[in-house]
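Participant: Here it is, the structure in full.
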Amino acid sequence: MQTVRLSNGVEMPILGYGVYQVTPEECERCVSDALSVGYRMIDTAQAYYNEEGVGNAVKKSGIPRDELFLVTKVWISNAGYEKAKASIDESLRKLQTDYIDLLLIHQPFNDYYGTYRAMEEAYRAGKLRAIGVSNFYPDRFIDIAEFCDIKPMVNQVETHVFNQQVEAQRIMKEYGTQIMSWGPFAEGRNGFFSNPVLKAIGGKYGKSVAQTALRFLIQRGVVVIPKSTHKERMVQNLDVFDFSLSAEDMEAIGKLDNGESLFFSHYAPDTVKFLTSLGK
C-alpha cells in the first residue's frame, strides 16, 4: 500500500476504508470484509455510532495492531477540554485499542480549541499517533493552525472531482498538513458515475469511473477513504495502483472542478445552525 508521511514522520496509507453511514449492525461485517481483501486503514467517528463494530472486526481479524491505521473523530457534543478528554478514552475502549493512529476534530463548532488541547495532551501521552481536523475551511484551519502547539497533521474535507480543494490543499501544505478526502465519489451526485470524461479516460486503462476518480486524487497526493458495503467493490476500489493517469488525463479531470460543495457550506447560517443543533 502506498503511504504518505505525516509531519511527525508517521506513515499513513493513502487509501483506506470509510464507514460513514454503515449501520452499527453491518459495520463489523463490512470492516471484516475490508480487512480480508487488503485494507489496513479504517476511518470511523464517534458520530457514526459504529466504533464498536470497527473494534470487534479488528480484534477478530488477527492482524497485528501495528499493521493497522485507525482513524476516528471527536463529535461536536464532546467538544471542550474535559468532554473531549473523556470521549478519547471512550473511543479507545470502543475500538479495543491502546492508541488511535489519527484523531480528528469532526466539525469546527463548539469549543474546538478546548478539544484540540485535549488531543494535544493525549498525543503527548501516547494515546494518539497523529492529530488533526475535519471540515475546517481555510479560514478556520489557518486560525487553529496559528494558535495551537501542535499543527494539525491532517485535514479531512469534502474532496472529489467536482470539488477538488486545490487552494485549500495549497494552504494546508504551508502548514505541513495532509489533505484527506471524504466523499471521493461525491456520493454519486452530479451524475458522477456516468460522467463522460471519467468514463472515457477510465476506458483507456480498463478502469471504472470510481477507480479513475480515486487514481486522480491519489496522484494529487490526496488520502482517500471510499466506502462500499459490497466486498467486490471494496476490491475494485483498492485496485488503483497498477496504472497512472497521464498529464493530459489529469488536466481533463481537473477541468471538472466547480470549486464548491455538492453537500453543504460551513459558511451558510442554516448549515451552521443545523450542525450545531446536533451537538447539543
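We label chains A, B, ... in the order they appear in the C-alpha cells, count residues from 1 in each chain, and number ligands from 1 in the order shown.
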Need to verify the contact set: Ser277 (chain A), 12 Å, only C-alpha atoms, exclusion of same-chain residues closer than 2 positions in sequence. Can you return it as a PyMOL selection string?
Facilitator: chain A and resi 76-77+109-110+270-275+279-280
Participant: Go ahead and save the residues from that selection, with all heavy atoms, as a JSON list (two decimals), in the first residue's frame.
Facilitator:
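And here's again-v8.json as it stands now:
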[["chain", "number", "residue", "atom", "x", "y", "z"],
["A", 76, "ILE", "N", -19.16, 17.07, 17.90],
["A", 76, "ILE", "CA", -19.46, 18.40, 18.42],
["A", 76, "ILE", "C", -19.93, 18.35, 19.88],
["A", 76, "ILE", "O", -19.54, 19.19, 20.70],
["A", 76, "ILE", "CB", -20.54, 19.09, 17.56],
["A", 76, "ILE", "CG1", -20.12, 19.15, 16.10],
["A", 76, "ILE", "CG2", -20.82, 20.50, 18.07],
["A", 76, "ILE", "CD1", -21.25, 19.53, 15.14],
["A", 77, "SER", "N", -20.75, 17.36, 20.21],
["A", 77, "SER", "CA", -21.28, 17.27, 21.57],
["A", 77, "SER", "C", -20.20, 16.93, 22.60],
["A", 77, "SER", "O", -20.41, 17.11, 23.79],
["A", 77, "SER", "CB", -22.39, 16.21, 21.63],
["A", 77, "SER", "OG", -21.90, 14.94, 21.22],
["A", 109, "PHE", "N", -17.03, 23.43, 15.23],
["A", 109, "PHE", "CA", -18.05, 24.10, 16.02],
["A", 109, "PHE", "C", -17.91, 23.74, 17.49],
["A", 109, "PHE", "O", -17.28, 22.75, 17.83],
["A", 109, "PHE", "CB", -19.45, 23.74, 15.52],
["A", 109, "PHE", "CG", -19.67, 24.05, 14.06],
["A", 109, "PHE", "CD1", -19.93, 23.05, 13.15],
["A", 109, "PHE", "CD2", -19.56, 25.36, 13.60],
["A", 109, "PHE", "CE1", -20.11, 23.34, 11.81],
["A", 109, "PHE", "CE2", -19.74, 25.65, 12.26],
["A", 109, "PHE", "CZ", -20.01, 24.65, 11.36],
["A", 110, "ASN", "N", -18.54, 24.54, 18.36],
["A", 110, "ASN", "CA", -18.44, 24.41, 19.79],
["A", 110, "ASN", "C", -16.98, 24.72, 20.20],
["A", 110, "ASN", "O", -16.24, 25.33, 19.44],
["A", 110, "ASN", "CB", -18.91, 23.04, 20.27],
["A", 110, "ASN", "CG", -19.39, 23.04, 21.72],
["A", 110, "ASN", "OD1", -19.11, 23.96, 22.49],
["A", 110, "ASN", "ND2", -20.12, 22.01, 22.10],
["A", 270, "ASP", "N", -27.74, 28.55, 7.86],
["A", 270, "ASP", "CA", -28.66, 27.44, 8.09],
["A", 270, "ASP", "C", -27.89, 26.13, 8.34],
["A", 270, "ASP", "O", -28.30, 25.32, 9.18],
["A", 270, "ASP", "CB", -29.59, 27.26, 6.89],
["A", 270, "ASP", "CG", -30.66, 28.34, 6.82],
["A", 270, "ASP", "OD1", -30.84, 29.06, 7.84],
["A", 270, "ASP", "OD2", -31.31, 28.46, 5.77],
["A", 271, "THR", "N", -26.80, 25.95, 7.61],
["A", 271, "THR", "CA", -25.97, 24.75, 7.82],
["A", 271, "THR", "C", -25.35, 24.76, 9.21],
["A", 271, "THR", "O", -25.35, 23.75, 9.91],
["A", 271, "THR", "CB", -24.85, 24.68, 6.76],
["A", 271, "THR", "OG1", -25.44, 24.56, 5.47],
["A", 271, "THR", "CG2", -23.93, 23.50, 7.01],
["A", 272, "VAL", "N", -24.83, 25.91, 9.60],
["A", 272, "VAL", "CA", -24.20, 26.03, 10.92],
["A", 272, "VAL", "C", -25.23, 25.77, 12.02],
["A", 272, "VAL", "O", -24.96, 25.06, 12.99],
["A", 272, "VAL", "CB", -23.55, 27.41, 11.08],
["A", 272, "VAL", "CG1", -23.00, 27.56, 12.50],
["A", 272, "VAL", "CG2", -22.42, 27.59, 10.06],
["A", 273, "LYS", "N", -26.43, 26.32, 11.86],
["A", 273, "LYS", "CA", -27.48, 26.10, 12.86],
["A", 273, "LYS", "C", -27.83, 24.62, 12.95],
["A", 273, "LYS", "O", -28.03, 24.07, 14.04],
["A", 273, "LYS", "CB", -28.73, 26.91, 12.52],
["A", 273, "LYS", "CG", -28.60, 28.40, 12.79],
["A", 273, "LYS", "CD", -29.89, 29.13, 12.45],
["A", 273, "LYS", "CE", -29.77, 30.62, 12.72],
["A", 273, "LYS", "NZ", -31.02, 31.34, 12.35],
["A", 274, "PHE", "N", -27.92, 23.96, 11.81],
["A", 274, "PHE", "CA", -28.25, 22.54, 11.79],
["A", 274, "PHE", "C", -27.16, 21.71, 12.47],
["A", 274, "PHE", "O", -27.44, 20.87, 13.35],
["A", 274, "PHE", "CB", -28.45, 22.06, 10.36],
["A", 274, "PHE", "CG", -28.57, 20.56, 10.23],
["A", 274, "PHE", "CD1", -29.71, 19.90, 10.69],
["A", 274, "PHE", "CD2", -27.54, 19.82, 9.68],
["A", 274, "PHE", "CE1", -29.82, 18.52, 10.59],
["A", 274, "PHE", "CE2", -27.65, 18.44, 9.58],
["A", 274, "PHE", "CZ", -28.80, 17.78, 10.04],
["A", 275, "LEU", "N", -25.90, 21.93, 12.09],
["A", 275, "LEU", "CA", -24.81, 21.14, 12.64],
["A", 275, "LEU", "C", -24.62, 21.40, 14.12],
["A", 275, "LEU", "O", -24.39, 20.45, 14.90],
["A", 275, "LEU", "CB", -23.51, 21.43, 11.88],
["A", 275, "LEU", "CG", -23.45, 20.84, 10.46],
["A", 275, "LEU", "CD1", -22.22, 21.37, 9.72],
["A", 275, "LEU", "CD2", -23.45, 19.33, 10.48],
["A", 279, "GLY", "N", -25.04, 18.98, 18.12],
["A", 279, "GLY", "CA", -24.06, 18.87, 19.19],
["A", 279, "GLY", "C", -24.59, 19.22, 20.56],
["A", 279, "GLY", "O", -23.82, 19.36, 21.51],
["A", 280, "LYS", "N", -25.89, 19.37, 20.65],
["A", 280, "LYS", "CA", -26.49, 19.76, 21.93],
["A", 280, "LYS", "C", -27.24, 18.59, 22.58],
["A", 280, "LYS", "O", -27.62, 17.68, 21.92],
["A", 280, "LYS", "CB", -27.43, 20.96, 21.73],
["A", 280, "LYS", "CG", -26.70, 22.22, 21.31],
["A", 280, "LYS", "CD", -27.66, 23.37, 21.15],
["A", 280, "LYS", "CE", -26.91, 24.64, 20.76],
["A", 280, "LYS", "NZ", -27.83, 25.79, 20.57]]
Participant: Would you mind listing what lies within 10 Å of Leu262 (chain A) as a PyMOL selection string, with only C-alpha atoms counted and same-chain residues fewer than 5 positions away left out?
Facilitator: chain A and resi 158+160+162-163+183+186-187+189-190
Participant: For region 65-124 of chain A against region 6-28 of chain A, with a cut-off of 12 Å and counting only C-alpha atoms, what is the closest atom pair and its distance in Å to one decimal for every residue that makes the cut, ordered by chain and number, as CSV?
Facilitator:
residue,atom,partner,partner_atom,distance
A:Asp66,CA,A:Glu11,CA,11.3
A:Glu67,CA,A:Pro13,CA,10.5
A:Leu68,CA,A:Pro13,CA,9.3
A:Phe69,CA,A:Met12,CA,7.1
A:Leu70,CA,A:Gly16,CA,9.5
A:Val71,CA,A:Gly18,CA,9.3
A:Thr72,CA,A:Gly18,CA,10.2
A:Lys73,CA,A:Tyr20,CA,11.5
A:Leu95,CA,A:Glu28,CA,11.4
A:Asp101,CA,A:Met12,CA,8.7
A:Leu102,CA,A:Met12,CA,9.1
A:Tyr123,CA,A:Asn8,CA,11.3
Participant: Hey, can you check how far CA of Ala130 (chain A) sits from CA of Ala213 (chain A)?
Facilitator: 26.9 Å
Participant: From the list A:Ala122, A:Ala268, A:Cys30, A:Val161, which residue is nearest Tyr81 (chain A) when using only C-alpha atoms?
Facilitator: A:Ala122
Participant: So, with only C-alpha atoms as the atoms that count, which of A:Arg220, A:Leu238, A:Phe136, A:Ala84 lies closest to Glu121 (chain A)?
Facilitator: A:Ala84
Participant: Write out as a PyMOL selection string each polymer residue whose atoms come within 9 Å of Glu51 (chain A), counting only C-alpha atoms; drop sequence neighbours fewer than 2 positions from it.
Facilitator: chain A and resi 24+27+44-46+48-49+53-56+72+91+94-95
Participant: Write out as a PDB file with N, CA, C and O atoms, in the first residue's frame each polymer residue whose atoms come within 9 Å of Val240 (chain A), counting only C-alpha atoms; drop sequence neighbours fewer than 5 positions from it.
Facilitator:
ATOM      1  N   LYS A 207     -10.414   0.716 -16.604  1.00  0.00           N
ATOM      2  CA  LYS A 207     -10.792   1.021 -15.230  1.00  0.00           C
ATOM      3  C   LYS A 207     -12.169   1.691 -15.188  1.00  0.00           C
ATOM      4  O   LYS A 207     -12.599   2.316 -16.154  1.00  0.00           O
ATOM      5  N   GLN A 211     -12.673   4.003 -10.042  1.00  0.00           N
ATOM      6  CA  GLN A 211     -11.226   3.779  -9.975  1.00  0.00           C
ATOM      7  C   GLN A 211     -10.461   4.960 -10.570  1.00  0.00           C
ATOM      8  O   GLN A 211      -9.416   5.375 -10.035  1.00  0.00           O
ATOM      9  N   THR A 212     -10.977   5.509 -11.645  1.00  0.00           N
ATOM     10  CA  THR A 212     -10.334   6.653 -12.291  1.00  0.00           C
ATOM     11  C   THR A 212     -10.337   7.866 -11.367  1.00  0.00           C
ATOM     12  O   THR A 212      -9.332   8.571 -11.233  1.00  0.00           O
ATOM     13  N   LEU A 214     -10.558   7.867  -8.071  1.00  0.00           N
ATOM     14  CA  LEU A 214      -9.647   7.623  -6.950  1.00  0.00           C
ATOM     15  C   LEU A 214      -8.203   7.835  -7.377  1.00  0.00           C
ATOM     16  O   LEU A 214      -7.403   8.440  -6.650  1.00  0.00           O
ATOM     17  N   ARG A 215      -7.875   7.342  -8.562  1.00  0.00           N
ATOM     18  CA  ARG A 215      -6.498   7.491  -9.057  1.00  0.00           C
ATOM     19  C   ARG A 215      -6.135   8.964  -9.227  1.00  0.00           C
ATOM     20  O   ARG A 215      -5.013   9.384  -8.913  1.00  0.00           O
ATOM     21  N   ILE A 218      -5.397  10.341  -5.758  1.00  0.00           N
ATOM     22  CA  ILE A 218      -4.144   9.778  -5.245  1.00  0.00           C
ATOM     23  C   ILE A 218      -2.939  10.425  -5.916  1.00  0.00           C
ATOM     24  O   ILE A 218      -1.944  10.753  -5.253  1.00  0.00           O
TER      25      ILE A 218
END
Participant: Could you list, as a list in words, every residue within 12 Å of Ser194 (chain A), counting only C-alpha atoms and ignoring same-chain residues fewer than 3 positions away?
Facilitator: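 So the residues in contact are Phe185, Gly188, Arg189, Asn190, Gly191, Val197, Leu198, Lys199, Ala200, Gly202, Ser208, Val209, Ala210 and Ala213 of chain A.
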Participant: Keeping only N, CA, C and O atoms, write those residues as a PDB file, in the first residue's frame.
Facilitator:
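Output below, filename selection_7.pdb:
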ATOM      1  N   PHE A 185     -16.374   9.889  -4.094  1.00  0.00           N
ATOM      2  CA  PHE A 185     -17.287   9.612  -5.209  1.00  0.00           C
ATOM      3  C   PHE A 185     -18.443  10.613  -5.250  1.00  0.00           C
ATOM      4  O   PHE A 185     -19.411  10.409  -5.985  1.00  0.00           O
ATOM      5  N   GLY A 188     -22.218   9.954  -5.520  1.00  0.00           N
ATOM      6  CA  GLY A 188     -22.965   9.753  -6.759  1.00  0.00           C
ATOM      7  C   GLY A 188     -23.654  10.989  -7.304  1.00  0.00           C
ATOM      8  O   GLY A 188     -24.348  10.921  -8.324  1.00  0.00           O
ATOM      9  N   ARG A 189     -23.457  12.123  -6.646  1.00  0.00           N
ATOM     10  CA  ARG A 189     -24.139  13.350  -7.084  1.00  0.00           C
ATOM     11  C   ARG A 189     -23.540  13.896  -8.377  1.00  0.00           C
ATOM     12  O   ARG A 189     -22.443  13.548  -8.776  1.00  0.00           O
ATOM     13  N   ASN A 190     -24.297  14.787  -8.998  1.00  0.00           N
ATOM     14  CA  ASN A 190     -23.857  15.475 -10.219  1.00  0.00           C
ATOM     15  C   ASN A 190     -23.531  14.480 -11.338  1.00  0.00           C
ATOM     16  O   ASN A 190     -22.665  14.730 -12.168  1.00  0.00           O
ATOM     17  N   GLY A 191     -24.233  13.354 -11.370  1.00  0.00           N
ATOM     18  CA  GLY A 191     -24.006  12.351 -12.407  1.00  0.00           C
ATOM     19  C   GLY A 191     -22.622  11.741 -12.367  1.00  0.00           C
ATOM     20  O   GLY A 191     -22.069  11.355 -13.407  1.00  0.00           O
ATOM     21  N   VAL A 197     -16.321  12.274 -19.113  1.00  0.00           N
ATOM     22  CA  VAL A 197     -14.866  12.458 -19.062  1.00  0.00           C
ATOM     23  C   VAL A 197     -14.220  11.315 -18.288  1.00  0.00           C
ATOM     24  O   VAL A 197     -13.236  10.707 -18.733  1.00  0.00           O
ATOM     25  N   LEU A 198     -14.769  10.997 -17.125  1.00  0.00           N
ATOM     26  CA  LEU A 198     -14.221   9.907 -16.313  1.00  0.00           C
ATOM     27  C   LEU A 198     -14.388   8.559 -17.015  1.00  0.00           C
ATOM     28  O   LEU A 198     -13.502   7.697 -16.944  1.00  0.00           O
ATOM     29  N   LYS A 199     -15.510   8.379 -17.696  1.00  0.00           N
ATOM     30  CA  LYS A 199     -15.744   7.122 -18.412  1.00  0.00           C
ATOM     31  C   LYS A 199     -14.746   6.945 -19.557  1.00  0.00           C
ATOM     32  O   LYS A 199     -14.179   5.859 -19.738  1.00  0.00           O
ATOM     33  N   ALA A 200     -14.531   8.010 -20.300  1.00  0.00           N
ATOM     34  CA  ALA A 200     -13.622   7.927 -21.450  1.00  0.00           C
ATOM     35  C   ALA A 200     -12.186   7.670 -21.007  1.00  0.00           C
ATOM     36  O   ALA A 200     -11.475   6.839 -21.585  1.00  0.00           O
ATOM     37  N   GLY A 202     -11.176   6.418 -18.063  1.00  0.00           N
ATOM     38  CA  GLY A 202     -11.103   5.096 -17.455  1.00  0.00           C
ATOM     39  C   GLY A 202     -11.071   3.996 -18.495  1.00  0.00           C
ATOM     40  O   GLY A 202     -10.357   2.997 -18.334  1.00  0.00           O
ATOM     41  N   SER A 208     -12.831   1.565 -14.058  1.00  0.00           N
ATOM     42  CA  SER A 208     -14.154   2.150 -13.884  1.00  0.00           C
ATOM     43  C   SER A 208     -14.060   3.641 -13.583  1.00  0.00           C
ATOM     44  O   SER A 208     -12.978   4.180 -13.324  1.00  0.00           O
ATOM     45  N   VAL A 209     -15.206   4.300 -13.601  1.00  0.00           N
ATOM     46  CA  VAL A 209     -15.276   5.718 -13.220  1.00  0.00           C
ATOM     47  C   VAL A 209     -14.744   5.903 -11.804  1.00  0.00           C
ATOM     48  O   VAL A 209     -13.960   6.812 -11.529  1.00  0.00           O
ATOM     49  N   ALA A 210     -15.177   5.030 -10.898  1.00  0.00           N
ATOM     50  CA  ALA A 210     -14.744   5.136  -9.497  1.00  0.00           C
ATOM     51  C   ALA A 210     -13.232   4.990  -9.369  1.00  0.00           C
ATOM     52  O   ALA A 210     -12.569   5.767  -8.674  1.00  0.00           O
ATOM     53  N   ALA A 213     -11.467   8.106 -10.708  1.00  0.00           N
ATOM     54  CA  ALA A 213     -11.581   9.241  -9.795  1.00  0.00           C
ATOM     55  C   ALA A 213     -10.650   9.087  -8.593  1.00  0.00           C
ATOM     56  O   ALA A 213     -10.026  10.063  -8.152  1.00  0.00           O
TER      57      ALA A 213
END
Participant: List every residue of region 120-280 of chain A that DSSP, applied to the backbone of this structure, places in strand (DSSP E), and write the result as a PyMOL selection string.
Facilitator: chain A and resi 131-134+154-158+178-182+223-224
Participant: Could you write out that same residue set with N, CA and C atoms as a short mmCIF file (atom, residue, chain, number, x, y, z; two decimals), in the first residue's frame?
Facilitator:
data_model
loop_
_atom_site.label_atom_id
_atom_site.label_comp_id
_atom_site.auth_asym_id
_atom_site.auth_seq_id
_atom_site.Cartn_x
_atom_site.Cartn_y
_atom_site.Cartn_z
N ILE A 131 -2.73 13.80 15.12
CA ILE A 131 -3.96 14.56 15.37
C ILE A 131 -4.21 15.53 14.22
N GLY A 132 -5.48 15.92 14.08
CA GLY A 132 -5.81 16.85 13.03
C GLY A 132 -7.24 17.32 13.14
N VAL A 133 -7.78 17.79 12.02
CA VAL A 133 -9.13 18.36 11.99
C VAL A 133 -9.89 17.83 10.78
N SER A 134 -11.16 18.12 10.74
CA SER A 134 -12.00 17.71 9.62
C SER A 134 -13.02 18.81 9.35
N VAL A 154 -3.45 16.45 9.67
CA VAL A 154 -4.39 16.07 8.61
C VAL A 154 -5.60 17.00 8.68
N ASN A 155 -6.18 17.31 7.52
CA ASN A 155 -7.48 17.98 7.46
C ASN A 155 -8.32 17.21 6.46
N GLN A 156 -9.39 16.58 6.97
CA GLN A 156 -10.27 15.79 6.12
C GLN A 156 -11.43 16.67 5.66
N VAL A 157 -11.53 16.88 4.36
CA VAL A 157 -12.57 17.75 3.80
C VAL A 157 -13.20 17.10 2.58
N GLU A 158 -14.39 17.55 2.24
CA GLU A 158 -15.05 17.08 1.02
C GLU A 158 -14.13 17.32 -0.17
N GLN A 178 -1.61 17.29 5.82
CA GLN A 178 -2.01 16.38 4.75
C GLN A 178 -3.50 16.50 4.48
N ILE A 179 -3.89 16.66 3.23
CA ILE A 179 -5.31 16.68 2.88
C ILE A 179 -5.83 15.25 2.78
N MET A 180 -7.04 15.05 3.29
CA MET A 180 -7.71 13.75 3.26
C MET A 180 -9.13 13.98 2.75
N SER A 181 -9.57 13.14 1.86
CA SER A 181 -10.88 13.30 1.23
C SER A 181 -11.97 12.53 1.93
N TRP A 182 -13.09 13.20 2.17
CA TRP A 182 -14.32 12.44 2.40
C TRP A 182 -15.20 12.65 1.17
N VAL A 223 -5.31 11.71 0.38
CA VAL A 223 -5.69 10.44 1.02
C VAL A 223 -7.18 10.22 0.81
N VAL A 224 -7.57 9.00 0.44
CA VAL A 224 -8.97 8.71 0.12
C VAL A 224 -9.49 7.55 0.97
#
Participant: Just want the 9 Å neighbourhood of Ile142 (chain A), counted on only C-alpha atoms, with same-chain residues fewer than 4 positions away dropped. Output as a PyMOL selection string.
Facilitator: chain A and resi 136-138+146-147+171-172+175
Participant: Give me the residues within 10 Å of Val74 (chain A) as a list in words, counting only C-alpha atoms and dropping any in the same chain fewer than 6 places off.
Facilitator: Ala45, Gln46, Ala47, Lys83, Ala84, Lys85, Ser87, Ile88, Ser91, Leu103, Leu104, Ile105, His106, Gln107, Tyr112, Thr115, Tyr116, Met119, Val133 and Ser134 of chain A
